[in-house]
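The structure file protein_22.pdb is reproduced below (PDB, C-alpha atoms).
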```pdb
ATOM      1  CA  MET L 277     -83.957   9.011  38.824  1.00  0.00           C
ATOM      2  CA  LEU L 278     -84.160   8.444  35.096  1.00  0.00           C
ATOM      3  CA  ILE L 279     -83.762   4.853  33.945  1.00  0.00           C
ATOM      4  CA  LEU L 280     -83.395   5.043  30.185  1.00  0.00           C
ATOM      5  CA  GLU L 281     -85.617   2.057  29.374  1.00  0.00           C
ATOM      6  CA  TYR L 282     -88.432   3.746  31.277  1.00  0.00           C
ATOM      7  CA  TYR L 283     -88.082   7.259  29.890  1.00  0.00           C
ATOM      8  CA  ASP L 284     -91.818   7.672  29.174  1.00  0.00           C
ATOM      9  CA  GLN L 285     -92.818   6.752  32.726  1.00  0.00           C
ATOM     10  CA  TRP L 286     -90.069   8.958  34.153  1.00  0.00           C
ATOM     11  CA  ALA L 287     -91.302  11.910  32.076  1.00  0.00           C
ATOM     12  CA  ASP L 288     -94.833  11.423  33.441  1.00  0.00           C
ATOM     13  CA  HIS L 289     -93.528  11.160  37.003  1.00  0.00           C
ATOM     14  CA  ILE L 290     -91.394  14.300  36.644  1.00  0.00           C
ATOM     15  CA  GLU L 291     -94.363  16.232  35.250  1.00  0.00           C
ATOM     16  CA  ASP L 292     -96.489  15.140  38.205  1.00  0.00           C
ATOM     17  CA  TYR L 293     -93.674  15.865  40.654  1.00  0.00           C
ATOM     18  CA  LEU L 294     -92.996  19.378  39.352  1.00  0.00           C
ATOM     19  CA  ASN L 295     -96.695  20.212  39.154  1.00  0.00           C
ATOM     20  CA  GLY L 296     -97.133  18.886  42.677  1.00  0.00           C
ATOM     21  CA  ILE L 297     -94.450  21.168  44.045  1.00  0.00           C
ATOM     22  CA  ASP L 298     -95.565  24.215  42.086  1.00  0.00           C
ATOM     23  CA  GLU L 299     -97.240  24.534  38.693  1.00  0.00           C
ATOM     24  CA  ASP L 300     -94.807  27.304  37.752  1.00  0.00           C
ATOM     25  CA  LEU L 301     -91.994  24.736  37.836  1.00  0.00           C
ATOM     26  CA  TRP L 302     -93.687  22.726  35.102  1.00  0.00           C
ATOM     27  CA  ARG L 303     -94.330  25.990  33.231  1.00  0.00           C
ATOM     28  CA  SER L 304     -90.538  26.396  33.044  1.00  0.00           C
ATOM     29  CA  VAL L 305     -90.330  23.116  31.153  1.00  0.00           C
ATOM     30  CA  VAL L 306     -93.258  23.753  28.836  1.00  0.00           C
ATOM     31  CA  SER L 307     -92.814  27.459  28.097  1.00  0.00           C
ATOM     32  CA  GLY L 308     -89.149  27.954  28.738  1.00  0.00           C
ATOM     33  CA  PRO L 309     -87.603  30.440  31.127  1.00  0.00           C
ATOM     34  CA  TYR L 310     -89.259  33.703  32.090  1.00  0.00           C
ATOM     35  CA  ARG L 311     -88.211  36.555  29.827  1.00  0.00           C
ATOM     36  CA  ALA L 312     -88.707  40.050  31.194  1.00  0.00           C
ATOM     37  CA  ASP L 313     -88.108  41.568  27.756  1.00  0.00           C
ATOM     38  CA  LEU L 314     -91.402  40.064  26.561  1.00  0.00           C
ATOM     39  CA  VAL L 315     -93.420  41.727  29.322  1.00  0.00           C
ATOM     40  CA  GLN L 316     -94.773  45.208  28.761  1.00  0.00           C
ATOM     41  CA  ALA L 317     -95.245  47.518  31.720  1.00  0.00           C
ATOM     42  CA  ILE L 318     -98.777  48.835  32.123  1.00  0.00           C
ATOM     43  CA  GLY L 319    -100.107  51.209  34.750  1.00  0.00           C
ATOM     44  CA  ASN L 320     -98.415  52.998  37.597  1.00  0.00           C
ATOM     45  CA  VAL L 321     -95.065  52.508  39.328  1.00  0.00           C
ATOM     46  CA  GLY L 322     -96.573  50.181  41.977  1.00  0.00           C
ATOM     47  CA  ALA L 323     -97.875  47.861  39.278  1.00  0.00           C
ATOM     48  CA  THR L 324     -94.475  47.875  37.604  1.00  0.00           C
ATOM     49  CA  GLU L 325     -92.769  46.988  40.887  1.00  0.00           C
ATOM     50  CA  ASP L 326     -95.227  44.118  41.341  1.00  0.00           C
ATOM     51  CA  MET L 327     -94.386  42.885  37.832  1.00  0.00           C
ATOM     52  CA  ILE L 328     -90.679  43.008  38.635  1.00  0.00           C
ATOM     53  CA  ALA L 329     -91.250  41.073  41.878  1.00  0.00           C
ATOM     54  CA  GLN L 330     -93.320  38.455  40.029  1.00  0.00           C
ATOM     55  CA  GLY L 331     -90.642  38.234  37.345  1.00  0.00           C
ATOM     56  CA  ASN L 332     -87.976  37.631  39.986  1.00  0.00           C
ATOM     57  CA  LYS L 333     -90.110  34.863  41.537  1.00  0.00           C
ATOM     58  CA  LYS L 334     -90.510  33.230  38.115  1.00  0.00           C
ATOM     59  CA  LYS L 335     -86.746  33.394  37.513  1.00  0.00           C
ATOM     60  CA  GLU L 336     -86.178  31.665  40.856  1.00  0.00           C
ATOM     61  CA  LYS L 337     -88.678  28.977  39.907  1.00  0.00           C
ATOM     62  CA  ASP L 338     -86.898  28.520  36.562  1.00  0.00           C
ATOM     63  CA  LYS L 339     -83.630  27.960  38.448  1.00  0.00           C
ATOM     64  CA  ARG L 340     -85.293  25.527  40.841  1.00  0.00           C
ATOM     65  CA  CYS L 341     -86.814  23.571  37.972  1.00  0.00           C
ATOM     66  CA  LEU L 342     -83.396  23.343  36.352  1.00  0.00           C
ATOM     67  CA  ARG L 343     -81.942  21.982  39.618  1.00  0.00           C
ATOM     68  CA  GLU L 344     -84.784  19.468  39.997  1.00  0.00           C
ATOM     69  CA  LEU L 345     -84.269  18.108  36.478  1.00  0.00           C
ATOM     70  CA  ARG L 346     -80.504  17.905  36.869  1.00  0.00           C
ATOM     71  CA  GLY L 347     -81.009  16.027  40.114  1.00  0.00           C
ATOM     72  CA  ALA L 348     -83.310  13.482  38.460  1.00  0.00           C
ATOM     73  CA  ILE L 349     -80.849  12.273  35.830  1.00  0.00           C
ATOM     74  CA  PRO L 350     -77.866   9.940  36.268  1.00  0.00           C
ATOM     75  CA  PRO L 351     -74.303  11.290  35.821  1.00  0.00           C
ATOM     76  CA  PHE L 352     -73.748   9.822  32.357  1.00  0.00           C
ATOM     77  CA  VAL L 353     -76.938  11.512  31.105  1.00  0.00           C
ATOM     78  CA  TYR L 354     -76.039  14.742  32.898  1.00  0.00           C
ATOM     79  CA  ASN L 355     -72.815  14.904  30.906  1.00  0.00           C
ATOM     80  CA  TYR L 356     -74.930  14.835  27.744  1.00  0.00           C
ATOM     81  CA  VAL L 357     -77.170  17.756  28.803  1.00  0.00           C
ATOM     82  CA  ARG L 358     -74.485  19.677  30.657  1.00  0.00           C
ATOM     83  CA  GLY L 359     -74.479  22.500  28.117  1.00  0.00           C
ATOM     84  CA  CYS L 360     -78.223  23.087  28.461  1.00  0.00           C
ATOM     85  CA  LYS L 361     -78.934  26.377  30.222  1.00  0.00           C
ATOM     86  CA  THR L 362     -82.685  25.996  30.821  1.00  0.00           C
ATOM     87  CA  ALA L 363     -85.054  23.294  32.029  1.00  0.00           C
ATOM     88  CA  LYS L 364     -86.806  23.382  28.645  1.00  0.00           C
ATOM     89  CA  GLU L 365     -83.507  22.726  26.825  1.00  0.00           C
ATOM     90  CA  ILE L 366     -82.800  19.743  29.086  1.00  0.00           C
ATOM     91  CA  TRP L 367     -86.338  18.409  28.640  1.00  0.00           C
ATOM     92  CA  ASP L 368     -86.207  18.730  24.851  1.00  0.00           C
ATOM     93  CA  ALA L 369     -82.759  17.100  24.643  1.00  0.00           C
ATOM     94  CA  LEU L 370     -83.865  14.154  26.796  1.00  0.00           C
ATOM     95  CA  LYS L 371     -87.063  13.735  24.812  1.00  0.00           C
ATOM     96  CA  LYS L 372     -85.186  13.775  21.521  1.00  0.00           C
ATOM     97  CA  ASN L 373     -82.623  11.219  22.677  1.00  0.00           C
ATOM     98  CA  TYR L 374     -84.706   8.813  24.686  1.00  0.00           C
ATOM     99  CA  GLN L 375     -88.166   9.011  23.198  1.00  0.00           C
ATOM    100  CA  GLY L 376     -86.862   9.232  19.666  1.00  0.00           C
ATOM    101  CA  ASN L 377     -88.338  10.277  16.387  1.00  0.00           C
ATOM    102  CA  GLU L 378     -90.819   8.283  14.302  1.00  0.00           C
ATOM    103  CA  ARG L 379     -88.087   6.254  12.602  1.00  0.00           C
ATOM    104  CA  THR L 380     -86.623   5.236  15.963  1.00  0.00           C
ATOM    105  CA  LYS L 381     -90.061   4.303  17.274  1.00  0.00           C
ATOM    106  CA  LYS L 382     -90.746   2.113  14.229  1.00  0.00           C
ATOM    107  CA  SER L 383     -87.469   0.254  14.711  1.00  0.00           C
ATOM    108  CA  LEU L 384     -88.291  -0.275  18.394  1.00  0.00           C
ATOM    109  CA  VAL L 385     -91.703  -1.702  17.468  1.00  0.00           C
ATOM    110  CA  THR L 386     -90.046  -4.051  14.962  1.00  0.00           C
ATOM    111  CA  LYS L 387     -87.509  -5.134  17.583  1.00  0.00           C
ATOM    112  CA  CYS L 388     -90.286  -5.763  20.104  1.00  0.00           C
ATOM    113  CA  LEU L 389     -92.247  -7.882  17.607  1.00  0.00           C
ATOM    114  CA  SER L 390     -89.114  -9.851  16.821  1.00  0.00           C
ATOM    115  CA  GLU L 391     -88.463 -10.477  20.520  1.00  0.00           C
ATOM    116  CA  LEU L 392     -92.030 -11.674  20.897  1.00  0.00           C
ATOM    117  CA  THR L 393     -91.713 -14.009  17.918  1.00  0.00           C
ATOM    118  CA  TYR L 394     -88.512 -15.650  19.187  1.00  0.00           C
ATOM    119  CA  PHE L 395     -89.393 -15.549  22.874  1.00  0.00           C
ATOM    120  CA  LYS L 396     -88.862 -18.853  24.703  1.00  0.00           C
ATOM    121  CA  GLN L 397     -87.691 -20.133  28.048  1.00  0.00           C
ATOM    122  CA  LYS L 398     -83.924 -20.316  28.343  1.00  0.00           C
ATOM    123  CA  GLU L 399     -82.005 -23.352  29.512  1.00  0.00           C
ATOM    124  CA  ASN L 400     -81.670 -23.296  33.344  1.00  0.00           C
ATOM    125  CA  GLU L 401     -84.177 -20.433  33.601  1.00  0.00           C
ATOM    126  CA  SER L 402     -86.657 -20.778  36.425  1.00  0.00           C
ATOM    127  CA  ILE L 403     -90.343 -20.469  35.649  1.00  0.00           C
ATOM    128  CA  ASP L 404     -90.466 -17.308  37.776  1.00  0.00           C
ATOM    129  CA  ALA L 405     -87.628 -15.672  35.821  1.00  0.00           C
ATOM    130  CA  TYR L 406     -89.271 -16.757  32.548  1.00  0.00           C
ATOM    131  CA  TYR L 407     -92.594 -15.254  33.667  1.00  0.00           C
ATOM    132  CA  ASP L 408     -90.877 -12.012  34.720  1.00  0.00           C
ATOM    133  CA  ARG L 409     -89.133 -11.788  31.348  1.00  0.00           C
ATOM    134  CA  LEU L 410     -92.465 -12.238  29.558  1.00  0.00           C
ATOM    135  CA  ASN L 411     -94.032  -9.497  31.679  1.00  0.00           C
ATOM    136  CA  GLU L 412     -91.138  -7.203  30.772  1.00  0.00           C
ATOM    137  CA  LEU L 413     -91.770  -7.948  27.107  1.00  0.00           C
ATOM    138  CA  ILE L 414     -95.506  -7.315  27.541  1.00  0.00           C
ATOM    139  CA  PHE L 415     -94.635  -3.973  29.132  1.00  0.00           C
ATOM    140  CA  LYS L 416     -92.438  -3.085  26.124  1.00  0.00           C
ATOM    141  CA  CYS L 417     -95.188  -4.094  23.712  1.00  0.00           C
ATOM    142  CA  ASN L 418     -97.709  -1.898  25.509  1.00  0.00           C
ATOM    143  CA  LYS L 419     -95.223   0.962  25.608  1.00  0.00           C
ATOM    144  CA  TYR L 420     -94.906   0.884  21.820  1.00  0.00           C
ATOM    145  CA  GLY L 421     -98.623   0.543  21.198  1.00  0.00           C
ATOM    146  CA  LEU L 422     -98.669  -3.226  20.595  1.00  0.00           C
ATOM    147  CA  VAL L 423    -101.509  -3.864  22.989  1.00  0.00           C
ATOM    148  CA  ARG L 424    -102.584  -7.493  23.327  1.00  0.00           C
ATOM    149  CA  THR L 425    -104.932  -9.170  25.755  1.00  0.00           C
ATOM    150  CA  THR L 426    -103.729 -11.631  28.365  1.00  0.00           C
ATOM    151  CA  LEU L 427    -105.382 -14.389  26.332  1.00  0.00           C
ATOM    152  CA  GLU L 428    -103.111 -13.528  23.413  1.00  0.00           C
ATOM    153  CA  PHE L 429     -99.968 -13.748  25.557  1.00  0.00           C
ATOM    154  CA  ASN L 430    -100.932 -16.962  27.345  1.00  0.00           C
ATOM    155  CA  PRO L 431    -100.145 -19.264  24.391  1.00  0.00           C
ATOM    156  CA  THR L 432     -96.759 -17.586  24.019  1.00  0.00           C
ATOM    157  CA  PHE L 433     -96.016 -18.388  27.647  1.00  0.00           C
ATOM    158  CA  VAL L 434     -97.259 -21.981  27.551  1.00  0.00           C
ATOM    159  CA  PHE L 435     -95.938 -23.086  24.154  1.00  0.00           C
ATOM    160  CA  LYS L 436     -92.484 -21.586  24.651  1.00  0.00           C
ATOM    161  CA  LEU L 437     -91.802 -23.368  27.958  1.00  0.00           C
ATOM    162  CA  ARG L 438     -88.995 -25.941  27.986  1.00  0.00           C
ATOM    163  CA  LYS L 439     -90.158 -29.487  27.368  1.00  0.00           C
ATOM    164  CA  LYS L 440     -89.741 -30.525  31.022  1.00  0.00           C
ATOM    165  CA  TRP L 441     -92.686 -28.279  31.912  1.00  0.00           C
TER     166      TRP L 441
END
```
As structure tokens - that is how I would like this structure written.
Amino acid sequence: MLILEYYDQWADHIEDYLNGIDEDLWRSVVSGPYRADLVQAIGNVGATEDMIAQGNKKKEKDKRCLRELRGAIPPFVYNYVRGCKTAKEIWDALKKNYQGNERTKKSLVTKCLSELTYFKQKENESIDAYYDRLNELIFKCNKYGLVRTTLEFNPTFVFKLRKKW
């Protein structure tokens, strides 16, 4: 199920999931639905019947992919993509909204850097909760390309502890 903060990981998992079931499902996302009008018949009647049968199988896979994607998003997100008729349309709409464009990404990087700058242990926050919050922030930093070593995060952890520690 899609959790908006983890869109990138969800997208990777869905790609793996669809490819694991059947590579043609992922093809529906990447290439869009099968279109018989783009296929040209070549050869005899038997070959044409085979093409029609293959086309019908691809249409079924397109429908299945659409169902799989709809099933992997929460209701409030489904309402947003409800008008999408193909798996590719859903995928593109989700990517646009939750991965964002370059401007959105830059603002997220700035926000992450700001959080890192002002990060400190809260009053009445246990050391475990503080550590978990730092790990969440490290995850965000990595997600937006702000990769730091553990040695770079250690001083942040130690120097931002409450005085009692």
Apply the PyMOL selection byres ((chain L and resi 328-337) around 8) to the displayed file and report the matching residues as a ChimeraX atom specification. /L:300-301,304,309-310,312,324-327,338-341
Check which residues satisfy the PyMOL selection byres ((chain L and resi 348) around 12) in the file shown, then give them as a PyMOL selection string. chain L and resi 277-280+283+286-287+289-291+293-294+341-347+349-354+363+366-367+370
Expressed in Å, the length from atom CA of L:Thr393 to atom CA of L:Lys381 is 18.4 Å
At what distance in Å, to one decimal, does atom CA of L:Cys388 lie from atom CA of L:Val357?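 Rounded to one decimal, the two atoms are 28.3 Å apart.
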Care to translate the PyMOL selection byres ((chain L and resi 432-436) around 8) into actual residues of this file, as a list in words?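 Selected by the PyMOL selection byres ((chain L and resi 432-436) around 8) in this file: Phe395, Lys396, Gln397, Tyr407, Leu410, Glu428, Phe429, Asn430, Pro431, Leu437 and Arg438 of chain L.
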Requested write-out: C-alpha atoms of the selected residues, as a compact mmCIF listing (two decimals), in the coordinates of the input:
```txt
# COMPACT_ATOMS: atom_id res chain seq x y z
CA PHE L 395 -89.39 -15.55 22.87
CA LYS L 396 -88.86 -18.85 24.70
CA GLN L 397 -87.69 -20.13 28.05
CA TYR L 407 -92.59 -15.25 33.67
CA LEU L 410 -92.46 -12.24 29.56
CA GLU L 428 -103.11 -13.53 23.41
CA PHE L 429 -99.97 -13.75 25.56
CA ASN L 430 -100.93 -16.96 27.34
CA PRO L 431 -100.14 -19.26 24.39
CA LEU L 437 -91.80 -23.37 27.96
CA ARG L 438 -89.00 -25.94 27.99
```
Pick from L:Tyr420, L:Ser402, L:Leu389, L:Ile297 nearest to L:Gln375, counting only C-alpha atoms: L:Tyr420
What does the distance from atom CA of L:Tyr394 to atom CA of L:Leu422 come to in Å, to one decimal?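 So the two atoms, atom CA of L:Tyr394 and atom CA of L:Leu422, lie 16.1 Å apart.
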Using only C-alpha atoms, which residue out of L:Lys416, L:Arg424, L:Lys439, L:Lys364 lies closest to L:Thr386?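 Of L:Lys416, L:Arg424, L:Lys439, L:Lys364, the one nearest L:Thr386 is L:Lys416, counting only C-alpha atoms.
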As lines of an AutoDock Vina configuration file, please report the centre and edge lengths, rounded to one decimal in Å, of the axis-aligned box that holds all listed atoms of stretch 398-405 of chain L with 8 Å of padding on each of the six sides.
```
center_x = -86.1
center_y = -19.5
center_z = 33.1
size_x = 24.8
size_y = 23.7
size_z = 25.4
```
